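**Student:** Sharing start36.txt (compact mmCIF, C-alpha atoms) below.
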```txt
# COMPACT_ATOMS: atom_id res chain seq x y z
CA MET A 215 2.25 18.16 24.55
CA ASN A 216 4.11 15.30 26.24
CA SER A 217 1.34 12.81 25.49
CA LEU A 218 1.40 13.81 21.79
CA LEU A 219 5.17 13.41 21.71
CA GLU A 220 4.90 10.03 23.46
CA TYR A 221 2.25 8.92 20.94
CA MET A 222 4.38 10.02 17.97
CA LEU A 223 7.38 8.16 19.39
CA LYS A 224 5.34 4.98 19.83
CA VAL A 225 4.01 5.22 16.27
CA SER A 226 7.54 5.77 14.96
CA ALA A 227 8.90 2.84 16.98
CA PHE A 228 6.16 0.56 15.64
CA TYR A 229 6.88 1.69 12.07
CA ALA A 230 10.59 1.04 12.60
CA ALA A 231 9.97 -2.45 13.98
CA ALA A 232 7.51 -3.28 11.18
CA TYR A 233 9.93 -2.04 8.52
CA ILE A 234 12.86 -3.97 9.98
CA PHE A 235 10.74 -7.14 9.98
CA TYR A 236 9.64 -6.45 6.39
CA TRP A 237 13.21 -5.79 5.28
CA LEU A 238 14.65 -8.87 7.00
CA VAL A 239 11.89 -11.39 6.24
CA LEU A 240 9.34 -10.31 3.64
CA SER A 241 11.26 -8.18 1.13
CA ARG A 242 12.89 -11.21 -0.47
CA LEU A 243 9.60 -13.08 -0.93
CA THR A 244 7.76 -12.92 -4.24
CA ASN A 245 4.27 -13.13 -2.78
CA TYR A 246 3.56 -9.46 -3.43
CA LYS A 247 -0.09 -9.55 -2.39
CA SER A 248 0.84 -10.69 1.12
CA ASN A 249 3.53 -8.04 1.31
CA ARG A 250 1.03 -5.37 0.29
CA PHE A 251 -1.48 -6.49 2.91
CA TYR A 252 1.27 -6.55 5.54
CA LEU A 253 2.32 -3.00 4.69
CA LEU A 254 -1.28 -1.75 4.67
CA PHE A 255 -2.18 -3.37 7.99
CA THR A 256 1.00 -2.24 9.73
CA ALA A 257 0.24 1.30 8.60
CA LEU A 258 -3.18 0.99 10.22
CA PHE A 259 -1.97 -0.76 13.37
CA ALA A 260 0.81 1.79 13.88
CA PHE A 261 -1.81 4.35 14.85
CA ILE A 262 -4.00 1.97 16.87
CA ILE A 263 -1.48 0.02 18.97
CA PRO A 264 -0.09 3.05 20.90
CA LEU A 265 -3.64 3.78 22.04
CA VAL A 266 -4.08 0.34 23.65
CA ARG A 267 -3.50 0.44 27.40
CA LEU A 268 -1.81 -2.65 28.74
CA ASP A 269 -2.94 -2.10 32.33
CA PHE A 270 -6.40 -3.33 31.31
CA PHE A 271 -4.92 -6.74 30.53
CA ILE A 272 -2.13 -7.03 33.12
CA ALA A 273 -2.70 -6.77 36.85
CA PRO A 274 -0.31 -4.36 38.61
CA GLN A 275 2.44 -6.08 40.58
CA THR A 276 3.59 -4.92 43.99
CA ILE A 277 7.14 -5.50 45.11
CA THR A 278 6.87 -4.37 48.73
CA ASN A 279 6.68 -7.96 50.03
CA SER A 280 9.81 -9.05 48.17
CA ALA A 281 12.61 -10.17 50.51
CA PHE A 282 15.24 -9.24 47.93
CA ILE A 283 13.95 -5.68 47.56
CA ASN A 284 13.74 -5.22 51.33
CA HIS A 285 17.47 -6.09 51.73
CA ILE A 286 18.66 -3.42 49.33
CA PRO A 287 20.00 -0.50 51.38
CA ALA A 288 18.43 2.88 50.81
CA PHE A 289 20.70 5.90 50.54
CA ASN A 290 19.44 9.30 51.47
CA ILE A 291 21.59 11.82 49.64
CA THR A 292 20.59 15.39 50.34
CA GLY A 293 22.17 18.62 49.42
CA ILE A 294 23.08 17.64 45.86
CA GLU A 295 20.59 18.82 43.32
CA TYR A 296 20.93 19.15 39.59
CA VAL A 297 19.34 22.32 38.31
CA PRO A 298 19.50 22.70 34.54
CA ALA A 299 20.85 25.95 33.24
CA GLU A 300 18.59 28.36 31.44
CA ASN A 301 20.20 27.69 28.08
CA SER A 302 20.12 23.88 28.37
CA ILE A 303 18.36 21.90 25.64
CA ASN A 304 15.01 20.32 26.44
CA PHE A 305 15.01 16.60 25.51
CA SER A 306 11.39 16.59 24.36
CA THR A 307 12.08 19.57 22.07
CA VAL A 308 14.99 17.72 20.46
CA LEU A 309 12.82 14.62 19.91
CA LEU A 310 10.04 16.75 18.44
CA LEU A 311 12.49 18.44 16.06
CA ILE A 312 13.86 15.05 14.95
CA PHE A 313 10.31 13.81 14.34
CA ILE A 314 9.34 16.93 12.38
CA THR A 315 12.55 16.71 10.32
CA GLY A 316 11.84 13.05 9.48
CA THR A 317 8.27 13.91 8.53
CA ILE A 318 9.44 16.71 6.23
CA ILE A 319 12.02 14.44 4.58
CA CYS A 320 9.45 11.66 4.01
CA LEU A 321 6.85 14.13 2.71
CA THR A 322 9.40 15.65 0.33
CA ARG A 323 10.36 12.21 -0.96
CA PHE A 324 6.67 11.35 -1.46
CA VAL A 325 6.03 14.56 -3.43
CA ILE A 326 9.11 13.89 -5.60
CA GLN A 327 7.85 10.36 -6.31
CA LEU A 328 4.39 11.68 -7.23
CA LEU A 329 5.93 14.25 -9.60
CA SER A 330 8.12 11.54 -11.12
CA PHE A 331 5.05 9.31 -11.61
CA LYS A 332 3.15 12.17 -13.27
CA LYS A 333 6.13 12.88 -15.53
CA VAL A 334 6.48 9.23 -16.58
CA THR A 335 2.76 8.69 -17.18
CA ALA A 336 2.09 12.05 -18.89
CA ASN A 337 3.13 10.63 -22.27
CA ALA A 338 1.50 7.23 -21.78
CA LYS A 339 -0.61 6.09 -24.71
CA PRO A 340 -3.69 3.95 -24.00
CA ILE A 341 -3.59 0.49 -25.56
CA SER A 342 -6.72 -1.26 -24.31
CA CYS A 343 -9.21 -1.56 -21.49
CA LEU A 344 -10.34 -4.91 -20.10
CA PHE A 345 -12.46 -5.39 -16.95
CA ASN A 346 -12.05 -1.67 -16.24
CA ILE A 347 -8.25 -2.10 -16.19
CA LYS A 348 -6.53 0.30 -18.56
CA LEU A 349 -3.33 -0.76 -20.31
CA TYR A 350 -0.89 2.03 -21.25
CA HIS A 351 2.23 2.03 -23.42
CA LEU A 352 5.28 4.04 -22.30
CA GLU A 353 8.05 5.04 -24.71
CA VAL A 354 10.71 5.08 -21.97
CA ASP A 355 12.71 1.99 -21.01
CA ILE A 356 11.05 1.18 -17.69
CA MET A 357 9.99 -1.87 -15.72
CA PRO A 358 6.26 -2.63 -16.04
CA PHE A 359 4.17 -1.42 -13.12
CA SER A 360 0.59 -0.89 -12.07
CA PHE A 361 -1.04 1.97 -10.24
CA GLY A 362 -4.67 1.74 -9.26
CA ARG A 363 -6.58 0.26 -12.21
CA SER A 364 -3.87 1.10 -14.75
CA VAL A 365 -1.00 -1.04 -16.01
CA TYR A 366 2.00 0.66 -17.64
CA VAL A 367 4.33 -1.28 -19.98
CA ASN A 368 6.79 -0.68 -22.80
CA GLN A 369 5.53 -2.90 -25.62
CA THR A 370 8.76 -2.75 -27.60
CA SER A 371 10.84 -4.17 -24.74
CA HIS A 372 8.81 -7.37 -24.38
CA SER A 373 7.53 -10.18 -26.53
CA ALA A 374 3.82 -10.94 -26.81
CA SER A 375 3.98 -13.82 -24.32
CA GLU A 376 5.96 -11.68 -21.84
CA LEU A 377 3.38 -8.91 -22.17
CA ASP A 378 0.64 -11.44 -21.52
CA ASP A 379 2.39 -12.61 -18.33
CA ILE A 380 3.04 -9.02 -17.20
CA ILE A 381 -0.57 -8.00 -17.68
CA LYS A 382 -1.80 -11.11 -15.84
CA HIS A 383 0.59 -10.46 -12.97
CA GLU A 384 -0.11 -6.73 -12.63
CA SER A 385 -3.87 -7.01 -12.97
CA GLU A 386 -4.50 -10.31 -11.18
CA PHE A 387 -5.70 -8.79 -7.92
CA THR A 388 -7.95 -6.25 -9.64
CA ILE A 389 -9.52 -8.82 -11.97
CA ARG A 390 -10.12 -11.20 -9.07
CA THR A 391 -11.81 -8.41 -7.11
CA ILE A 392 -14.00 -7.52 -10.09
CA LEU A 393 -14.97 -11.17 -10.68
CA ILE A 394 -15.87 -11.61 -6.99
CA THR A 395 -17.97 -8.43 -7.14
CA ILE A 396 -19.75 -9.63 -10.29
CA SER A 397 -20.47 -13.04 -8.74
CA ILE A 398 -21.81 -11.46 -5.55
CA THR A 399 -24.12 -9.11 -7.45
CA THR A 400 -25.46 -11.92 -9.65
CA THR A 401 -26.17 -14.21 -6.68
CA THR A 402 -27.98 -11.44 -4.81
CA ARG A 403 -30.17 -10.78 -7.88
CA LEU A 404 -31.25 -14.41 -8.05
```
Turn this file's structure into structure tokens for me.
**Tutor:**
Amino acid sequence: MNSLLEYMLKVSAFYAAAYIFYWLVLSRLTNYKSNRFYLLFTALFAFIIPLVRLDFFIAPQTITNSAFINHIPAFNITGIEYVPAENSINFSTVLLLIFITGTIICLTRFVIQLLSFKKVTANAKPISCLFNIKLYHLEVDIMPFSFGRSVYVNQTSHSASELDDIIKHESEFTIRTILITISITTTTRL
């Protein structure tokens, strides 16, 4: 139980550090592809890094030969012991409850966002399909966004040139991936 709690705390600490770095440095940048890769890789590394043992890479240090440590007086205090009462709170239980509460809050927020996405896209009308990327029109006044291989826009809010730029921006990564896949399959056939 303690090792699971320690692992969860390490994962949470890594997520916190990665998010703080993202918020301070990367959130203001407009290179969205790099930001996406950073967020994906930190999500992966958050579960791997706590499993890495540092004692494989760092030799253990001994401090018994240190002159400074040998001059520190040692106090032998006996007779005073702290025995926790029966109704005292266990620190690991409190940390586990905080972790579970945070998980429930994040899961609830995720479910609300999924329901909101379903509600917004339920009335989406298909416009076209190019390179397996579907373009949908939304009647609500919303910022254009993409999800998977679908791009959602409000045609009435934008001019034709703006729509062209939006579609290029939202589908650039997917089109590039498709073109790379097509070029790889054609070169392997030759």
**Student:** Can you work out the spacing between CA of Asn249 in chain A and CA of Lys332 in chain A in Å, to one decimal?
**Tutor:**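 Between these atoms lies a distance of 24.9 Å.
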**Student:** Between A:Thr322, A:Tyr366, A:Leu311, A:Lys247, which is the closest to Ser342 in chain A once you count all atoms listed in the file?
**Tutor:**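 Selected residue with least distance to Ser342 in chain A: A:Tyr366.
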**Student:** Quick check, in Å to one decimal: how far apart do CA of Trp237 in chain A and CA of Met222 in chain A lie?
**Tutor:** 22.1 Å
**Student:** Can you pull out every residue within 8 Å of Glu353 in chain A, counting only C-alpha atoms, but drop anything in the same chain fewer than 3 positions away, and send it as a PyMOL selection string?
**Tutor:** chain A and resi 337-338+368
**Student:** Looking at A:Ala232, A:Met357, A:Ile312, A:Leu349, which one is nearest to Lys382 in chain A, with distances taken over only C-alpha atoms?
**Tutor:**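 Between A:Ala232, A:Met357, A:Ile312, A:Leu349, the residue approaching Lys382 in chain A most closely is A:Leu349.
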**Student:** In Å, rounded to a single decimal, give me how far CA of Tyr233 in chain A is from CA of Val367 in chain A.
**Tutor:**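 Interatomic distance here is 29.1 Å.
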**Student:** List the spatial neighbours of Leu253 in chain A as number ranges by chain - criterion: any atom at most 12 Å away, only C-alpha atoms, same-chain residues fewer than 5 positions off excluded.
**Tutor:** A: 229, 232-237, 240-241, 246-248, 258-260
**Student:** At a cut-off of 10 Å around the point (0.9, 4.2, 12.7) (file coordinates), what residues fall inside when counting all atoms listed in the file? I'd like the answer as a ChimeraX atom specification.
**Tutor:** /A:221-222,224-229,255-264
**Student:** At a cut-off of 9 Å, using all atoms listed in the file, what residues contact range 304-309 of chain A? Leave out same-chain residues fewer than 5 positions from it and give the result as a list in words.
**Tutor:**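 Listing them by chain and then by number gives Asn216, Leu219, Leu223 and Ile314 of chain A.
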**Student:** Could you turn the residues from that selection into a file that holds C-alpha atoms, as a PDB file, in the coordinates of the input?
**Tutor:**
```pdb
ATOM      1  CA  ASN A 216       4.110  15.300  26.240  1.00  0.00           C
ATOM      2  CA  LEU A 219       5.170  13.410  21.710  1.00  0.00           C
ATOM      3  CA  LEU A 223       7.380   8.160  19.390  1.00  0.00           C
ATOM      4  CA  ILE A 314       9.340  16.930  12.380  1.00  0.00           C
TER       5      ILE A 314
END
```
